[in-house]
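Chemist: You'll find protein_13.pdb just under this line, and it carries PDB, C-alpha atoms and all ligand atoms.
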```pdb
MODEL        1
ATOM      1  CA  MET A   1      66.312 133.143 167.360  1.00  0.00           C
ATOM      2  CA  GLY A   2      63.521 130.840 166.202  1.00  0.00           C
ATOM      3  CA  GLY A   3      62.699 133.179 163.303  1.00  0.00           C
ATOM      4  CA  ASN A   4      66.273 133.126 162.072  1.00  0.00           C
ATOM      5  CA  ASN A   5      66.301 129.355 162.053  1.00  0.00           C
ATOM      6  CA  HIS A   6      63.123 129.323 160.016  1.00  0.00           C
ATOM      7  CA  ILE A   7      64.613 131.589 157.334  1.00  0.00           C
ATOM      8  CA  LEU A   8      67.750 129.497 157.266  1.00  0.00           C
ATOM      9  CA  SER A   9      65.861 126.277 156.685  1.00  0.00           C
ATOM     10  CA  GLN A  10      63.901 127.858 153.834  1.00  0.00           C
ATOM     11  CA  LEU A  11      67.162 128.948 152.229  1.00  0.00           C
ATOM     12  CA  GLU A  12      68.487 125.454 152.663  1.00  0.00           C
ATOM     13  CA  ILE A  13      65.468 124.029 150.860  1.00  0.00           C
ATOM     14  CA  VAL A  14      65.903 126.471 147.953  1.00  0.00           C
ATOM     15  CA  PHE A  15      69.586 125.634 147.783  1.00  0.00           C
ATOM     16  CA  TYR A  16      68.801 121.924 147.844  1.00  0.00           C
ATOM     17  CA  ILE A  17      66.318 122.246 144.953  1.00  0.00           C
ATOM     18  CA  PHE A  18      68.821 124.362 142.992  1.00  0.00           C
ATOM     19  CA  VAL A  19      71.554 121.762 143.441  1.00  0.00           C
ATOM     20  CA  LYS A  20      69.174 118.954 142.539  1.00  0.00           C
ATOM     21  CA  VAL A  21      67.986 120.639 139.330  1.00  0.00           C
ATOM     22  CA  LYS A  22      71.575 121.400 138.375  1.00  0.00           C
ATOM     23  CA  HIS A  23      72.568 117.824 139.069  1.00  0.00           C
ATOM     24  CA  ASN A  24      69.727 116.449 136.941  1.00  0.00           C
ATOM     25  CA  LYS A  25      70.600 118.721 134.033  1.00  0.00           C
ATOM     26  CA  GLY A  26      74.234 117.648 134.052  1.00  0.00           C
ATOM     27  CA  GLY A  27      73.668 114.112 135.241  1.00  0.00           C
ATOM     28  CA  LEU A  28      71.339 112.766 132.577  1.00  0.00           C
ATOM     29  CA  PRO A  29      72.872 113.702 129.227  1.00  0.00           C
ATOM     30  CA  THR A  30      72.141 110.258 127.766  1.00  0.00           C
ATOM     31  CA  CYS A  31      68.398 110.417 128.312  1.00  0.00           C
ATOM     32  CA  THR A  32      67.507 112.003 124.998  1.00  0.00           C
ATOM     33  CA  LYS A  33      64.690 110.712 122.836  1.00  0.00           C
ATOM     34  CA  GLN A  34      67.265 109.788 120.209  1.00  0.00           C
ATOM     35  CA  ALA A  35      69.238 107.641 122.674  1.00  0.00           C
ATOM     36  CA  VAL A  36      66.076 105.804 123.703  1.00  0.00           C
ATOM     37  CA  LYS A  37      65.140 105.215 120.058  1.00  0.00           C
ATOM     38  CA  ASN A  38      68.642 103.945 119.213  1.00  0.00           C
ATOM     39  CA  TYR A  39      68.530 101.605 122.157  1.00  0.00           C
ATOM     40  CA  PHE A  40      65.095 100.119 121.476  1.00  0.00           C
ATOM     41  CA  ARG A  41      65.720  99.690 117.732  1.00  0.00           C
ATOM     42  CA  LYS A  42      68.459  97.185 118.637  1.00  0.00           C
ATOM     43  CA  PHE A  43      65.843  94.968 120.280  1.00  0.00           C
ATOM     44  CA  ASP A  44      63.919  94.305 117.086  1.00  0.00           C
ATOM     45  CA  THR A  45      65.500  90.854 117.088  1.00  0.00           C
ATOM     46  CA  ASN A  46      63.399  89.331 114.305  1.00  0.00           C
ATOM     47  CA  GLY A  47      63.970  92.405 112.093  1.00  0.00           C
ATOM     48  CA  ASP A  48      60.330  93.031 111.169  1.00  0.00           C
ATOM     49  CA  GLY A  49      60.724  96.766 111.836  1.00  0.00           C
ATOM     50  CA  LYS A  50      58.600  96.794 114.971  1.00  0.00           C
ATOM     51  CA  LEU A  51      58.949  95.885 118.614  1.00  0.00           C
ATOM     52  CA  SER A  52      56.685  93.106 119.799  1.00  0.00           C
ATOM     53  CA  PHE A  53      55.690  92.860 123.444  1.00  0.00           C
ATOM     54  CA  LEU A  54      58.396  90.244 124.073  1.00  0.00           C
ATOM     55  CA  GLU A  55      61.101  92.319 122.345  1.00  0.00           C
ATOM     56  CA  LEU A  56      60.020  95.325 124.391  1.00  0.00           C
ATOM     57  CA  LYS A  57      60.045  93.315 127.623  1.00  0.00           C
ATOM     58  CA  ASN A  58      63.553  92.082 126.826  1.00  0.00           C
ATOM     59  CA  ALA A  59      64.710  95.677 126.178  1.00  0.00           C
ATOM     60  CA  PHE A  60      63.388  96.801 129.583  1.00  0.00           C
ATOM     61  CA  LYS A  61      64.914  93.744 131.239  1.00  0.00           C
ATOM     62  CA  MET A  62      68.367  94.607 129.841  1.00  0.00           C
ATOM     63  CA  LEU A  63      68.003  98.126 131.305  1.00  0.00           C
ATOM     64  CA  GLY A  64      67.706  96.538 134.731  1.00  0.00           C
ATOM     65  CA  VAL A  65      64.208  97.763 135.565  1.00  0.00           C
ATOM     66  CA  LYS A  66      62.467  95.965 138.424  1.00  0.00           C
ATOM     67  CA  ALA A  67      59.387  94.843 136.526  1.00  0.00           C
ATOM     68  CA  PRO A  68      60.129  94.581 132.783  1.00  0.00           C
ATOM     69  CA  PHE A  69      56.819  92.829 132.060  1.00  0.00           C
ATOM     70  CA  TRP A  70      54.870  95.656 133.679  1.00  0.00           C
ATOM     71  CA  GLU A  71      56.971  98.410 132.065  1.00  0.00           C
ATOM     72  CA  ALA A  72      56.507  96.827 128.622  1.00  0.00           C
ATOM     73  CA  LEU A  73      52.766  96.586 129.182  1.00  0.00           C
ATOM     74  CA  GLN A  74      52.539 100.241 130.172  1.00  0.00           C
ATOM     75  CA  ALA A  75      54.790 101.280 127.294  1.00  0.00           C
ATOM     76  CA  ILE A  76      52.510  99.512 124.790  1.00  0.00           C
ATOM     77  CA  ASN A  77      49.474 100.984 126.483  1.00  0.00           C
ATOM     78  CA  LYS A  78      50.918 104.479 126.046  1.00  0.00           C
ATOM     79  CA  ALA A  79      52.738 104.293 122.708  1.00  0.00           C
ATOM     80  CA  ASP A  80      50.765 101.792 120.599  1.00  0.00           C
ATOM     81  CA  ASP A  81      48.628 104.129 118.482  1.00  0.00           C
ATOM     82  CA  ASN A  82      47.208 101.658 115.976  1.00  0.00           C
ATOM     83  CA  GLY A  83      46.501  98.909 118.514  1.00  0.00           C
ATOM     84  CA  ASP A  84      48.547  96.092 116.931  1.00  0.00           C
ATOM     85  CA  PHE A  85      50.306  95.474 120.281  1.00  0.00           C
ATOM     86  CA  CYS A  86      53.660  96.321 118.636  1.00  0.00           C
ATOM     87  CA  ILE A  87      55.751  99.503 118.577  1.00  0.00           C
ATOM     88  CA  THR A  88      56.535 100.603 115.033  1.00  0.00           C
ATOM     89  CA  ASP A  89      59.155 103.219 114.150  1.00  0.00           C
ATOM     90  CA  ASP A  90      56.619 106.081 114.111  1.00  0.00           C
ATOM     91  CA  GLU A  91      55.421 105.057 117.573  1.00  0.00           C
ATOM     92  CA  LEU A  92      58.981 104.983 118.908  1.00  0.00           C
ATOM     93  CA  GLY A  93      58.876 108.712 119.755  1.00  0.00           C
ATOM     94  CA  THR A  94      55.981 108.191 122.186  1.00  0.00           C
ATOM     95  CA  LEU A  95      57.773 105.170 123.624  1.00  0.00           C
ATOM     96  CA  ALA A  96      60.870 107.346 124.157  1.00  0.00           C
ATOM     97  CA  GLU A  97      58.753 109.952 125.999  1.00  0.00           C
ATOM     98  CA  PHE A  98      57.375 107.208 128.236  1.00  0.00           C
ATOM     99  CA  VAL A  99      60.864 105.872 129.055  1.00  0.00           C
ATOM    100  CA  ILE A 100      62.159 109.376 129.866  1.00  0.00           C
ATOM    101  CA  GLU A 101      59.079 110.126 132.012  1.00  0.00           C
ATOM    102  CA  ARG A 102      59.698 106.924 133.987  1.00  0.00           C
ATOM    103  CA  GLY A 103      63.267 108.087 134.660  1.00  0.00           C
ATOM    104  CA  ILE A 104      64.745 104.972 133.082  1.00  0.00           C
ATOM    105  CA  SER A 105      68.267 105.684 131.873  1.00  0.00           C
ATOM    106  CA  ILE A 106      69.764 104.393 128.665  1.00  0.00           C
ATOM    107  CA  PRO A 107      73.482 103.429 128.499  1.00  0.00           C
ATOM    108  CA  ALA A 108      75.649 106.324 127.292  1.00  0.00           C
ATOM    109  CA  SER A 109      76.820 104.346 124.256  1.00  0.00           C
ATOM    110  CA  TYR A 110      73.389 104.798 122.628  1.00  0.00           C
ATOM    111  CA  SER A 111      73.368 108.606 122.734  1.00  0.00           C
ATOM    112  CA  ALA A 112      75.281 109.075 119.463  1.00  0.00           C
TER     113      ALA A 112
HETATM  114 CA    CA B   1      60.321  92.711 115.926  1.00  0.00          CA
HETATM  115 CA    CA B   2      51.478  99.859 117.032  1.00  0.00          CA
ENDMDL
END
```
What is this structure when it is put down as structure tokens?
Modeler:
Amino acid sequence: MGGNNHILSQLEIVFYIFVKVKHNKGGLPTCTKQAVKNYFRKFDTNGDGKLSFLELKNAFKMLGVKAPFWEALQAINKADDNGDFCITDDELGTLAEFVIERGISIPASYSA
């Protein structure tokens, strides 16, 4: 009796993981690197072709993250290759990877 229950619970765990993976695959179609890039490019409000710390913070704030200041700081720390404390277009790919890793979702309208 006890052994049967044990097998059942293992099957349940496998099933749960399977459903979760399936859900994630279908549930996050907007979280492509391109969508993240499209989104963040809109926040270059002074049009100098790069995202300053404040522009980045504003972009995270509009996504509804809990700590936009902290996210922006970490994003710069990860994606700012040349150390100018701004994210240029060629650094946007690394920024996108960071955003996706953090599980931050971008509005669907930016995926095209
Ligand atoms: Ca800018
Ligand atoms: Ca930079």
Chemist: As a check of understanding, name the residues that the PyMOL selection byres (((not hetatm)) within 7 of (chain B and resi 1)) selects in the supplied structure, as a PyMOL selection string.
Modeler: chain A and resi 44-52+55
Chemist: Next, write the just-selected residues to a file, as a PDB file, in the frame of the given file, keeping C-alpha atoms as the atom set.
Modeler:
```pdb
ATOM      1  CA  ASP A  44      63.919  94.305 117.086  1.00  0.00           C
ATOM      2  CA  THR A  45      65.500  90.854 117.088  1.00  0.00           C
ATOM      3  CA  ASN A  46      63.399  89.331 114.305  1.00  0.00           C
ATOM      4  CA  GLY A  47      63.970  92.405 112.093  1.00  0.00           C
ATOM      5  CA  ASP A  48      60.330  93.031 111.169  1.00  0.00           C
ATOM      6  CA  GLY A  49      60.724  96.766 111.836  1.00  0.00           C
ATOM      7  CA  LYS A  50      58.600  96.794 114.971  1.00  0.00           C
ATOM      8  CA  LEU A  51      58.949  95.885 118.614  1.00  0.00           C
ATOM      9  CA  SER A  52      56.685  93.106 119.799  1.00  0.00           C
ATOM     10  CA  GLU A  55      61.101  92.319 122.345  1.00  0.00           C
TER      11      GLU A  55
END
```
Chemist: Which residues form the shell of 7 Å around ligand CA 2 (chain B) when you count only C-alpha atoms and all ligand atoms, given as a PyMOL selection string?
Modeler: chain A and resi 80-88+91
Chemist: Taking the file as shown, what set of residues would the PyMOL selection byres (((chain A and resi 58) around 12) and not hetatm) give back, as a PDB file with C-alpha atoms, in the frame of the given file?
Modeler:
```pdb
ATOM      1  CA  TYR A  39      68.530 101.605 122.157  1.00  0.00           C
ATOM      2  CA  PHE A  40      65.095 100.119 121.476  1.00  0.00           C
ATOM      3  CA  LYS A  42      68.459  97.185 118.637  1.00  0.00           C
ATOM      4  CA  PHE A  43      65.843  94.968 120.280  1.00  0.00           C
ATOM      5  CA  ASP A  44      63.919  94.305 117.086  1.00  0.00           C
ATOM      6  CA  THR A  45      65.500  90.854 117.088  1.00  0.00           C
ATOM      7  CA  LEU A  51      58.949  95.885 118.614  1.00  0.00           C
ATOM      8  CA  SER A  52      56.685  93.106 119.799  1.00  0.00           C
ATOM      9  CA  PHE A  53      55.690  92.860 123.444  1.00  0.00           C
ATOM     10  CA  LEU A  54      58.396  90.244 124.073  1.00  0.00           C
ATOM     11  CA  GLU A  55      61.101  92.319 122.345  1.00  0.00           C
ATOM     12  CA  LEU A  56      60.020  95.325 124.391  1.00  0.00           C
ATOM     13  CA  LYS A  57      60.045  93.315 127.623  1.00  0.00           C
ATOM     14  CA  ALA A  59      64.710  95.677 126.178  1.00  0.00           C
ATOM     15  CA  PHE A  60      63.388  96.801 129.583  1.00  0.00           C
ATOM     16  CA  LYS A  61      64.914  93.744 131.239  1.00  0.00           C
ATOM     17  CA  MET A  62      68.367  94.607 129.841  1.00  0.00           C
ATOM     18  CA  LEU A  63      68.003  98.126 131.305  1.00  0.00           C
ATOM     19  CA  GLY A  64      67.706  96.538 134.731  1.00  0.00           C
ATOM     20  CA  VAL A  65      64.208  97.763 135.565  1.00  0.00           C
ATOM     21  CA  ALA A  67      59.387  94.843 136.526  1.00  0.00           C
ATOM     22  CA  PRO A  68      60.129  94.581 132.783  1.00  0.00           C
ATOM     23  CA  PHE A  69      56.819  92.829 132.060  1.00  0.00           C
ATOM     24  CA  TRP A  70      54.870  95.656 133.679  1.00  0.00           C
ATOM     25  CA  GLU A  71      56.971  98.410 132.065  1.00  0.00           C
ATOM     26  CA  ALA A  72      56.507  96.827 128.622  1.00  0.00           C
ATOM     27  CA  LEU A  73      52.766  96.586 129.182  1.00  0.00           C
TER      28      LEU A  73
END
```
Chemist: Determine the axis-aligned bounding box of all atoms of range 96-109 of chain A present in the file, pad each side by 4 Å, and express its centre and edge lengths in Å to one decimal place as AutoDock Vina command-line options.
Modeler:
```
--center_x 67.1 --center_y 106.8 --center_z 129.4 --size_x 27.4 --size_y 14.7 --size_z 18.5
```
Chemist: Starting from the PyMOL selection byres (((chain A and resi 101-107) around 7) and not hetatm), expand the selection into actual residues of this file and give them as a list of chain:residue names.
Modeler: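 Evaluating the PyMOL selection byres (((chain A and resi 101-107) around 7) and not hetatm) on this file yields A:Thr30, A:Cys31, A:Ala35, A:Val36, A:Glu97, A:Phe98, A:Val99, A:Ile100, A:Ala108, A:Ser109, A:Tyr110.
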